[in-house]
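Right, one structure below, let's go through it.
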Amino acid sequence: MRNVRSDFPILGREINGRPLIYLDSAATSQKPRQVVEAVARFYREANANVHRGLYVLSVEATELYEGARKKVAAFIGASPEEVIFTRGTTESLNALAYSLGEARVGPGDEILVTAMEHHANLVPWQLLARRKGARLLAVGITPEGELDLGDLEDKLSDRTRVVAVTHVSNVLGTVNPIPEISRMTHEAGAVVVVDAAQSVPHMRVDVQELGCDFLAFSGHKMLGPTGVGVLWGRRELLEGIPPFLTGGEMIREVWIDRATWNDIPYKFEAGTPPIAQAVGLGAAVDYLVELGMEEVRRHEEELVGKALEGLLSRDYVEIYGPKDPARRGGVVAFNLRGIHPHDVATLLDQEGIAIRAGHHCAQPLHRLLGVPASCRVSVYVYNTVDEIEAFLDALDRVWESLGR
């Protein structure tokens with residue numbers, strides 16, 4: 001993959017007098033100048049509301065907004081009418097849990113999640129189960145940090161209505177076998193909801209190949225702006241569930257006592273949508289397509305392999321999740337023996353190295369691992385092997401300072 005670092009202005013910054021080494025892309029990615037300029041150009045040249053105006057600016061804004069939808073749809077192997085713009089993965093999953101629950105979940109039904117879910121793909125289903133009188137069950141993980149498919153098979157039943165699962169764990173890095181999970185779930189008569197926040201930015205994702213029914217991801221984790229995300233769903237399922245929010249473009253006709261809804265995807269896009277953000281996301285898709293998602297994945301495997309090799313060779317480090325970089329996404333969670341993750345992150349920051357420390361919005365998983373928190377490094381297209389080596393060297397200095 002070509003060297004892209006010059007496309008990212010922020011990477012020229014110094015932190016505490018040291019060159020910035022940014023290893024927290026799982027939380028949010030940095031933005032290339034192509035995306036920054038696309039958003040700025042929209043505000044400079046085409047800022048107007050979409051779908052509602054007959055004047056030139058509104059038409060241009062609508063064309064840019066719908067053009068971004070087409071780009072996103074092609075990126076994930078979908079039809080544009082199945083792509084709904086939201087504010088991010090969290091909003092996508094919350095909206096879906098409400099709408100899907102209203103149509104398909106009732107008292108005594110069951111919803112399956114997994115022990116490795118981000119809170120955004122857990123708490124909405126908790127609320128739905130409580131609201132509808134349904135049961136929430138969690139599929140376990142193996143000692144290697146992979147999903148226990150045997151436990152999934154045991155828990156699936158004729159009462160199962162929804163299986164909500166992450167594609168790539170934001171802590172363990174585990175890449176879950178979504179096609180197999182989809183097959184098992186459909187045989188039980190349920191639908192599959194995939195949290196793809198950590199997969200769509202980092203590997204080729206085709207919703208037809210995954211076989212899932214719904215999929216959610218965020219723009220800001222894939223080089224795009226904050227404030228925009230995507231909910232994809234199969235047309236027939238989207239047409240069969242009610243909207244989560246009402247008003248604006250999602251309306252077809254309104255009377256005092258009733259209303260009818262617009263066609264999908266507009267049925268689920270109430271109010272003024274994130275127009276500039278969607279345009280920026282379209283530019284991010286263009287950027288990733290130009291790089292090639294196979295190359296993005298290969299680059300990250302190389303970096304994760306280097307990080308795993310270095311961490312596993314240090315006896316003061318414990319890592320979580322699969323040891324094989326081919327079975328992981330671009331994240332590695334770890335701890336230094338006897339040292340709180342916040343202390344590790346603070347000392348690394350003093351050397352200009354940005355990592356994450358905490359429970360990463362996955363408290364049940366950390367309880368299962370027997371730790372309150374962990375450190376996490378996460379890589380992306382702009383990171384280098386030299387940066388991984390610098391991080392490992394700095395980690396030795398943290399251990400020498402605090403661990404001995």
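Order determines the names: the first chain of the structure tokens is A, the second B, and so forth; residues in each chain are numbered 1 upward, and ligands are numbered 1 upward as they are shown.
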
Check your understanding: Using the chain letters and numbers from this document, which residues of stretch 60-293 of chain A does DSSP assign to helix (DSSP H, G or I), as a VMD selection string?
Key -> chain A and resid 60 to 76 80 to 82 89 to 104 119 to 121 123 to 132 149 to 155 178 to 187 207 to 210 235 to 239 248 to 250 266 to 268 275 to 291 293

**Study point:** A:Ala196 surroundings by only C-alpha atoms, 7 Å radius, close-in-sequence under 3 positions cut, as number ranges by chain
**Key:** A: 166-168, 199-200, 215-217

Can you check which parts of stretch 63-115 of chain A lie within 8 Å of stretch 125-128 of chain A? Per residue, the shortest pair of atoms and distance in Å to one decimal, counting only C-alpha atoms, sorted by chain and number, as JSON lines.
{"residue": "A:Ala97", "atom": "CA", "partner": "A:Trp125", "partner_atom": "CA", "distance": 6.1}
{"residue": "A:Tyr98", "atom": "CA", "partner": "A:Leu128", "partner_atom": "CA", "distance": 6.7}
{"residue": "A:Gly101", "atom": "CA", "partner": "A:Leu128", "partner_atom": "CA", "distance": 6.4}
{"residue": "A:Ile111", "atom": "CA", "partner": "A:Trp125", "partner_atom": "CA", "distance": 7.4}

Filtering to C-alpha atoms, could you give me those residues as a tab-separated table (two decimals), in the first residue's frame?
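Output (again.tsv):
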chain	number	residue	atom	x	y	z
A	97	ALA	CA	-33.68	-2.26	18.47
A	98	TYR	CA	-36.77	-0.10	18.85
A	101	GLY	CA	-38.72	-4.86	18.60
A	111	ILE	CA	-32.81	-12.08	22.03

Tell me, counting only C-alpha atoms, for each residue of stretch 78-148 of chain A within 7 Å of stretch 240-245 of chain A, which pair of atoms is nearest and how far apart they are in Å to one decimal, in rows ordered by chain and increasing number, as a tab-separated table.
residue	atom	partner	partner_atom	distance
A:Ala95	CA	A:Phe244	CA	5.5
A:Tyr98	CA	A:Phe244	CA	6.6
A:Ser99	CA	A:Pro242	CA	5.4
A:Leu100	CA	A:Ile241	CA	6.0
A:Ala103	CA	A:Ile241	CA	5.6

Output C-alpha atoms for every residue in the selection just made, as a PDB file, in the first residue's frame.
ATOM      1  CA  ALA A  95     -33.106   2.820  16.306  1.00  0.00           C
ATOM      2  CA  TYR A  98     -36.767  -0.100  18.853  1.00  0.00           C
ATOM      3  CA  SER A  99     -38.183  -0.606  15.371  1.00  0.00           C
ATOM      4  CA  LEU A 100     -37.369  -4.289  15.118  1.00  0.00           C
ATOM      5  CA  ALA A 103     -42.515  -5.540  14.805  1.00  0.00           C
TER       6      ALA A 103
END

Exercise for review: Excluding A:Lys71 and residues on its chain fewer than 5 positions from it, collect all residues at most 10 Å away from it, counting only C-alpha atoms, and give them as a list in words.
Suggested key: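 The residues satisfying every condition are Glu66, Ile76, Gly77, Ala78, Pro80, Val279, Leu281, Gly282, Ala283, Ala284, Val285, Asp286 and Val289 of chain A.
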
Would you write out those residues with N, CA and C atoms, as a tab-separated table (two decimals), in the first residue's frame?
chain	number	residue	atom	x	y	z
A	66	GLU	N	-27.18	12.18	-2.06
A	66	GLU	CA	-27.58	10.89	-2.61
A	66	GLU	C	-26.40	10.20	-3.32
A	76	ILE	N	-20.37	-1.62	0.34
A	76	ILE	CA	-20.74	-2.79	1.15
A	76	ILE	C	-21.59	-3.80	0.36
A	77	GLY	N	-21.71	-3.63	-0.95
A	77	GLY	CA	-22.44	-4.58	-1.76
A	77	GLY	C	-23.94	-4.53	-1.60
A	78	ALA	N	-24.47	-3.33	-1.40
A	78	ALA	CA	-25.90	-3.16	-1.12
A	78	ALA	C	-26.56	-2.30	-2.19
A	80	PRO	N	-28.76	1.18	-2.90
A	80	PRO	CA	-28.84	2.47	-2.22
A	80	PRO	C	-30.07	2.64	-1.34
A	279	VAL	N	-21.50	13.69	2.84
A	279	VAL	CA	-20.62	14.03	1.73
A	279	VAL	C	-19.17	13.68	2.10
A	281	LEU	N	-18.28	11.40	4.25
A	281	LEU	CA	-18.19	9.94	4.27
A	281	LEU	C	-18.02	9.41	2.85
A	282	GLY	N	-18.72	10.01	1.90
A	282	GLY	CA	-18.53	9.60	0.51
A	282	GLY	C	-17.10	9.79	0.06
A	283	ALA	N	-16.48	10.90	0.47
A	283	ALA	CA	-15.07	11.14	0.14
A	283	ALA	C	-14.16	10.11	0.80
A	284	ALA	N	-14.50	9.73	2.03
A	284	ALA	CA	-13.72	8.69	2.72
A	284	ALA	C	-13.82	7.36	2.00
A	285	VAL	N	-15.01	7.03	1.53
A	285	VAL	CA	-15.19	5.80	0.75
A	285	VAL	C	-14.33	5.84	-0.51
A	286	ASP	N	-14.34	6.98	-1.19
A	286	ASP	CA	-13.49	7.13	-2.38
A	286	ASP	C	-12.03	6.86	-2.03
A	289	VAL	N	-11.47	3.10	-1.33
A	289	VAL	CA	-11.57	2.33	-2.57
A	289	VAL	C	-10.29	2.48	-3.38

Could you list, with a cut-off of 10 Å and counting only C-alpha atoms, the residues of stretch 8-83 of chain A near stretch 328-345 of chain A, each shown with its nearest atom pair and the distance in Å rounded to one decimal, rows sorted by chain and ascending number, as JSON lines?
{"residue": "A:Leu23", "atom": "CA", "partner": "A:Val331", "partner_atom": "CA", "distance": 9.2}
{"residue": "A:Asp24", "atom": "CA", "partner": "A:Val331", "partner_atom": "CA", "distance": 8.8}
{"residue": "A:Ser25", "atom": "CA", "partner": "A:Val331", "partner_atom": "CA", "distance": 8.8}
{"residue": "A:Ala26", "atom": "CA", "partner": "A:Val331", "partner_atom": "CA", "distance": 7.1}

Exercise for review: Compile the contact shell of A:Leu392 as a ChimeraX atom specification: residues with an atom at most 8 Å away, counting only C-alpha atoms, same-chain residues fewer than 2 positions apart removed.
Suggested key: /A:307,310-311,388-390,394-396
